[in-house]
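First the structure, in the form of structure tokens, and then the observations on it.
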Amino acid sequence: MIFFCAGCEGAPPEITDTFVQVTVFKNMRTLQTEEILSLFLVVSDDDGEEDLESIYLLNDRQELFWKLDPLNWEKTDRKGSRWIGSSSIQMPDGSAFPRGKYRVIVSDQAGDRDEKEIRISVPGVDLSKFVFPELSFENQTASVINRGKNGKFLYFNSSDRFLDFSFIPEEVLTAQNFPRLNDLRSETNNKLYLYHFEQEEGYGVLVGPYYRVYERLTE
């Protein structure tokens with residue numbers, strides 16, 4: 001029996017690529033501002049993706065940790081690779097993420113694991129003075145103020161699942177020149193965010209959610 005099972009051991013997971021990004025976020029529900037963290041990994045496991053059990057993000061110095069599992073992690077395909085992780089990691093008290101070294105640990109159902117070091121090194125942002133983009137409405141039109149370079153609309157459904165994006169046009173928005181909202185309004189309830197990436201500083205900027213945008217352009 002020992003001989004028979006010698007080749008039956010599961011393959012350990014291996015982290016082959018990592019992505020980490022800090023985004024400054026203005027929540028239009030609460031008007032609070034905070035940092036959110038995106039963490040995504042490419043994990044190789046010969047036993048299949050379904051064998052992966054958990055992802056841990058740890059900051060040993062500050063005694064912080066976050067756990068992701070198949071119930072709450074996100075999946076996305078990019079450049080031929082499957083990435084798993086989360087785009088909504090937050091500090092427990094809403095404060096900024098400590099800069100410096102973190103550990104990422106991936107484990108499978110057999111208890112095998114792999115570990116990689118990542119760093120959060122982008123400069124801190126004074127959110128009390130930060131100028132966020134804004135979606136402004138007037139007389140069945142809308143415009144984006146402080147839109148940022150290559151600004152985007154991000155479309156989500158009612159369960160906060162990402163659906164699509166489009167680049168923010170420079171002209172004033174109307175129901176006629178903003179058909180994407182009409183296409184998605186039944187599924188998303190016109191829920192969208194403004195987003196752009198500050199290339200020089202290395203962090204994202206996110207504002208939202210905005211609701212009933214198409215209705216506000218037609219009512």
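Residue names in the structure tokens use chain letters A, B, ... in the order shown, residue numbers from 1 in each chain, and ligand numbers from 1 in the order shown.
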Report the closest atom pair, with its distance in Å rounded to one decimal, for each residue of stretch 146-189 of chain A that has an atom no farther than 12 Å from stretch 127-132 of chain A; count only C-alpha atoms, sort by chain and then rising residue number, and write it as CSV.
```
residue,atom,partner,partner_atom,distance
A:Asn146,CA,A:Phe132,CA,6.8
A:Arg147,CA,A:Phe132,CA,8.3
A:Gly148,CA,A:Phe132,CA,9.0
A:Gly151,CA,A:Phe132,CA,11.8
```
Please produce an output containing C-alpha atoms for each residue in the selection, written as a short mmCIF file (atom, residue, chain, number, x, y, z; two decimals), in the first residue's frame.
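Wrote again-v1.cif, looks like this:
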```
data_model
loop_
_atom_site.label_atom_id
_atom_site.label_comp_id
_atom_site.auth_asym_id
_atom_site.auth_seq_id
_atom_site.Cartn_x
_atom_site.Cartn_y
_atom_site.Cartn_z
CA ASN A 146 -10.83 66.59 -12.54
CA ARG A 147 -11.18 63.49 -14.70
CA GLY A 148 -7.49 62.56 -14.68
CA GLY A 151 -10.10 58.37 -16.93
#
```
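The list of residues with at least one atom within 6 Å of stretch 19-24 of chain A, based on only C-alpha atoms and without residues fewer than 5 positions apart in the same chain, reads Glu34, Glu35, Ile36, Leu37, Ser38, Leu39, Phe40, Tyr203, Gly204 and Val205 of chain A.
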If you run DSSP over the backbone, which residues in chain A end up alpha helix (DSSP H)? Put them as a ChimeraX atom specification. /A:2-5,179-188,213-218
Kindly export the residues of the current selection with N, CA and C atoms, as a PDB file, in the first residue's frame.
```
ATOM      1  N   ILE A   2       1.942   1.254   0.745  1.00  0.00           N
ATOM      2  CA  ILE A   2       2.828   2.414   0.757  1.00  0.00           C
ATOM      3  C   ILE A   2       3.392   2.660  -0.633  1.00  0.00           C
ATOM      4  N   PHE A   3       3.802   1.552  -1.305  1.00  0.00           N
ATOM      5  CA  PHE A   3       4.344   1.687  -2.646  1.00  0.00           C
ATOM      6  C   PHE A   3       3.289   2.239  -3.607  1.00  0.00           C
ATOM      7  N   PHE A   4       2.056   1.775  -3.468  1.00  0.00           N
ATOM      8  CA  PHE A   4       0.984   2.194  -4.362  1.00  0.00           C
ATOM      9  C   PHE A   4       0.709   3.691  -4.229  1.00  0.00           C
ATOM     10  N   CYS A   5       0.782   4.200  -3.022  1.00  0.00           N
ATOM     11  CA  CYS A   5       0.426   5.602  -2.782  1.00  0.00           C
ATOM     12  C   CYS A   5       1.602   6.552  -2.894  1.00  0.00           C
ATOM     13  N   PRO A 179     -24.594  55.951 -24.628  1.00  0.00           N
ATOM     14  CA  PRO A 179     -25.474  54.781 -24.766  1.00  0.00           C
ATOM     15  C   PRO A 179     -25.074  53.606 -23.890  1.00  0.00           C
ATOM     16  N   ARG A 180     -23.821  53.528 -23.455  1.00  0.00           N
ATOM     17  CA  ARG A 180     -23.397  52.367 -22.659  1.00  0.00           C
ATOM     18  C   ARG A 180     -24.197  52.253 -21.374  1.00  0.00           C
ATOM     19  N   LEU A 181     -24.543  53.373 -20.781  1.00  0.00           N
ATOM     20  CA  LEU A 181     -25.367  53.334 -19.581  1.00  0.00           C
ATOM     21  C   LEU A 181     -26.745  52.755 -19.880  1.00  0.00           C
ATOM     22  N   ASN A 182     -27.301  53.123 -21.026  1.00  0.00           N
ATOM     23  CA  ASN A 182     -28.611  52.591 -21.404  1.00  0.00           C
ATOM     24  C   ASN A 182     -28.543  51.081 -21.611  1.00  0.00           C
ATOM     25  N   ASP A 183     -27.446  50.599 -22.207  1.00  0.00           N
ATOM     26  CA  ASP A 183     -27.284  49.162 -22.440  1.00  0.00           C
ATOM     27  C   ASP A 183     -27.252  48.379 -21.139  1.00  0.00           C
ATOM     28  N   LEU A 184     -26.653  48.968 -20.094  1.00  0.00           N
ATOM     29  CA  LEU A 184     -26.408  48.238 -18.854  1.00  0.00           C
ATOM     30  C   LEU A 184     -27.374  48.583 -17.723  1.00  0.00           C
ATOM     31  N   ARG A 185     -28.280  49.503 -17.964  1.00  0.00           N
ATOM     32  CA  ARG A 185     -29.034  50.038 -16.824  1.00  0.00           C
ATOM     33  C   ARG A 185     -29.881  48.986 -16.118  1.00  0.00           C
ATOM     34  N   SER A 186     -30.461  48.008 -16.849  1.00  0.00           N
ATOM     35  CA  SER A 186     -31.314  47.026 -16.188  1.00  0.00           C
ATOM     36  C   SER A 186     -30.515  46.100 -15.278  1.00  0.00           C
ATOM     37  N   GLU A 187     -29.243  45.817 -15.638  1.00  0.00           N
ATOM     38  CA  GLU A 187     -28.446  44.890 -14.831  1.00  0.00           C
ATOM     39  C   GLU A 187     -27.685  45.603 -13.728  1.00  0.00           C
ATOM     40  N   THR A 188     -27.196  46.796 -13.988  1.00  0.00           N
ATOM     41  CA  THR A 188     -26.340  47.482 -13.027  1.00  0.00           C
ATOM     42  C   THR A 188     -27.075  48.494 -12.174  1.00  0.00           C
ATOM     43  N   VAL A 213     -27.741  57.043 -13.056  1.00  0.00           N
ATOM     44  CA  VAL A 213     -27.131  58.062 -13.915  1.00  0.00           C
ATOM     45  C   VAL A 213     -27.956  58.257 -15.187  1.00  0.00           C
ATOM     46  N   TYR A 214     -28.342  57.160 -15.829  1.00  0.00           N
ATOM     47  CA  TYR A 214     -29.116  57.301 -17.066  1.00  0.00           C
ATOM     48  C   TYR A 214     -30.446  58.007 -16.792  1.00  0.00           C
ATOM     49  N   GLU A 215     -31.115  57.654 -15.696  1.00  0.00           N
ATOM     50  CA  GLU A 215     -32.375  58.309 -15.367  1.00  0.00           C
ATOM     51  C   GLU A 215     -32.183  59.798 -15.113  1.00  0.00           C
ATOM     52  N   ARG A 216     -31.083  60.162 -14.516  1.00  0.00           N
ATOM     53  CA  ARG A 216     -30.835  61.582 -14.216  1.00  0.00           C
ATOM     54  C   ARG A 216     -30.540  62.368 -15.488  1.00  0.00           C
ATOM     55  N   LEU A 217     -30.160  61.668 -16.541  1.00  0.00           N
ATOM     56  CA  LEU A 217     -29.943  62.342 -17.825  1.00  0.00           C
ATOM     57  C   LEU A 217     -31.204  62.419 -18.671  1.00  0.00           C
ATOM     58  N   THR A 218     -32.255  61.752 -18.236  1.00  0.00           N
ATOM     59  CA  THR A 218     -33.485  61.708 -19.043  1.00  0.00           C
ATOM     60  C   THR A 218     -34.711  62.197 -18.301  1.00  0.00           C
TER      61      THR A 218
END
```
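Relative to atom CA of A:Tyr195, atom CA of A:Glu170 is found at 14.5 Å.
Nearest-residue note for A:Ile105: choosing from A:Leu206, A:Leu57, A:Ala11, A:Leu194, the minimum distance belongs to A:Leu57, counting only C-alpha atoms.
The residue that comes closest to A:Pro70, out of A:Met91, A:Ala96, A:Val106, A:Leu192 and on the basis of only C-alpha atoms, is A:Val106.
Comparing A:Arg82, A:Val104, A:Phe178, A:Met28 by their smallest distance to A:Leu58, the closest is A:Val104 (using only C-alpha atoms).
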Separation of atom CA of A:Ile84 and atom CA of A:Leu41, in Å? 5.4 Å
Polymer residues at most 12 Å from A:Glu200, only C-alpha atoms, same-chain spacing of 2 or more positions, as a PyMOL selection string: chain A and resi 122-123+149+197-198+202-204
Counting only C-alpha atoms, the option among A:Arg161, A:Arg119, A:Lys152, A:Lys191 closest to A:Thr18: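 Of A:Arg161, A:Arg119, A:Lys152, A:Lys191, the one nearest A:Thr18, counting only C-alpha atoms, is A:Arg119.
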Looking only at the backbone, which of the residues in chain A does DSSP tag as strand (DSSP E), as a PyMOL selection string? chain A and resi 14-27+33-44+52-59+64-68+74-78+81-89+100-108+113-120+134-138+141-145+152-156+162-167+192-198+203-210
If you measure from atom CA of A:Pro12 to atom CA of A:Asp77, what distance in Å do you get, rounded to one decimal?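 Separation between atom CA of A:Pro12 and atom CA of A:Asp77: 22.1 Å.
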With distances taken over only C-alpha atoms, which of A:Val172, A:Ile55, A:Val207, A:Ala142 is nearest to A:Val42?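 For A:Val42, the nearest of the candidates is A:Ile55.
Comparing A:Asp93, A:Glu74, A:Glu134, A:Glu63 by their smallest distance to A:Asp160, the closest is A:Glu74 (using only C-alpha atoms).
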Extract, using only C-alpha atoms, all DNA, RNA and protein residues at most 10 Å from A:Thr16, discarding same-chain residues fewer than 3 positions from it, and format them as a CSV table (one decimal) with all heavy atoms, in the first residue's frame.
```csv
chain,number,residue,atom,x,y,z
A,13,PRO,N,1.2,24.3,-4.4
A,13,PRO,CA,0.9,25.4,-5.2
A,13,PRO,C,2.2,26.3,-5.3
A,13,PRO,O,3.1,26.2,-4.5
A,13,PRO,CB,-0.1,26.2,-4.4
A,13,PRO,CG,0.1,25.8,-3.0
A,13,PRO,CD,0.6,24.4,-3.0
A,41,LEU,N,-2.8,37.3,-7.7
A,41,LEU,CA,-1.7,36.4,-7.9
A,41,LEU,C,-2.0,35.5,-9.0
A,41,LEU,O,-3.2,35.1,-9.3
A,41,LEU,CB,-1.6,35.5,-6.6
A,41,LEU,CG,-1.5,36.2,-5.3
A,41,LEU,CD1,-1.5,35.2,-4.2
A,41,LEU,CD2,-0.3,37.1,-5.1
A,42,VAL,N,-1.0,35.0,-9.7
A,42,VAL,CA,-1.0,33.9,-10.6
A,42,VAL,C,-0.5,32.7,-9.9
A,42,VAL,O,0.7,32.8,-9.4
A,42,VAL,CB,-0.3,34.1,-11.9
A,42,VAL,CG1,-0.3,32.9,-12.8
A,42,VAL,CG2,-0.8,35.3,-12.7
A,43,VAL,N,-1.3,31.7,-9.7
A,43,VAL,CA,-0.8,30.5,-8.9
A,43,VAL,C,-0.9,29.3,-9.8
A,43,VAL,O,-1.9,29.0,-10.4
A,43,VAL,CB,-1.7,30.3,-7.6
A,43,VAL,CG1,-1.3,29.1,-6.8
A,43,VAL,CG2,-1.7,31.6,-6.8
A,44,SER,N,0.2,28.6,-9.8
A,44,SER,CA,0.3,27.3,-10.5
A,44,SER,C,0.1,26.1,-9.5
A,44,SER,O,0.7,26.1,-8.5
A,44,SER,CB,1.7,27.1,-11.2
A,44,SER,OG,1.8,25.9,-11.7
A,114,ASP,N,2.9,28.1,-0.6
A,114,ASP,CA,4.0,28.8,-1.1
A,114,ASP,C,3.9,30.2,-0.6
A,114,ASP,O,2.8,30.7,-0.2
A,114,ASP,CB,3.9,28.8,-2.7
A,114,ASP,CG,5.2,29.4,-3.3
A,114,ASP,OD1,6.3,29.3,-2.6
A,114,ASP,OD2,5.2,29.8,-4.5
A,116,LYS,N,5.5,34.4,-0.9
A,116,LYS,CA,6.2,35.4,-1.6
A,116,LYS,C,6.2,36.7,-0.8
A,116,LYS,O,5.3,37.0,0.0
A,116,LYS,CB,5.7,35.7,-3.0
A,116,LYS,CG,5.9,34.6,-4.0
A,116,LYS,CD,7.4,34.6,-4.5
A,116,LYS,CE,7.6,33.7,-5.6
A,116,LYS,NZ,7.4,32.2,-5.2
```
Quick one: residues within 8 Å of A:Leu52, only C-alpha atoms, excluding same-chain residues fewer than 3 positions away - as JSON, numbers by chain? {"A": [13, 45, 48, 49, 106, 107, 108, 109]}
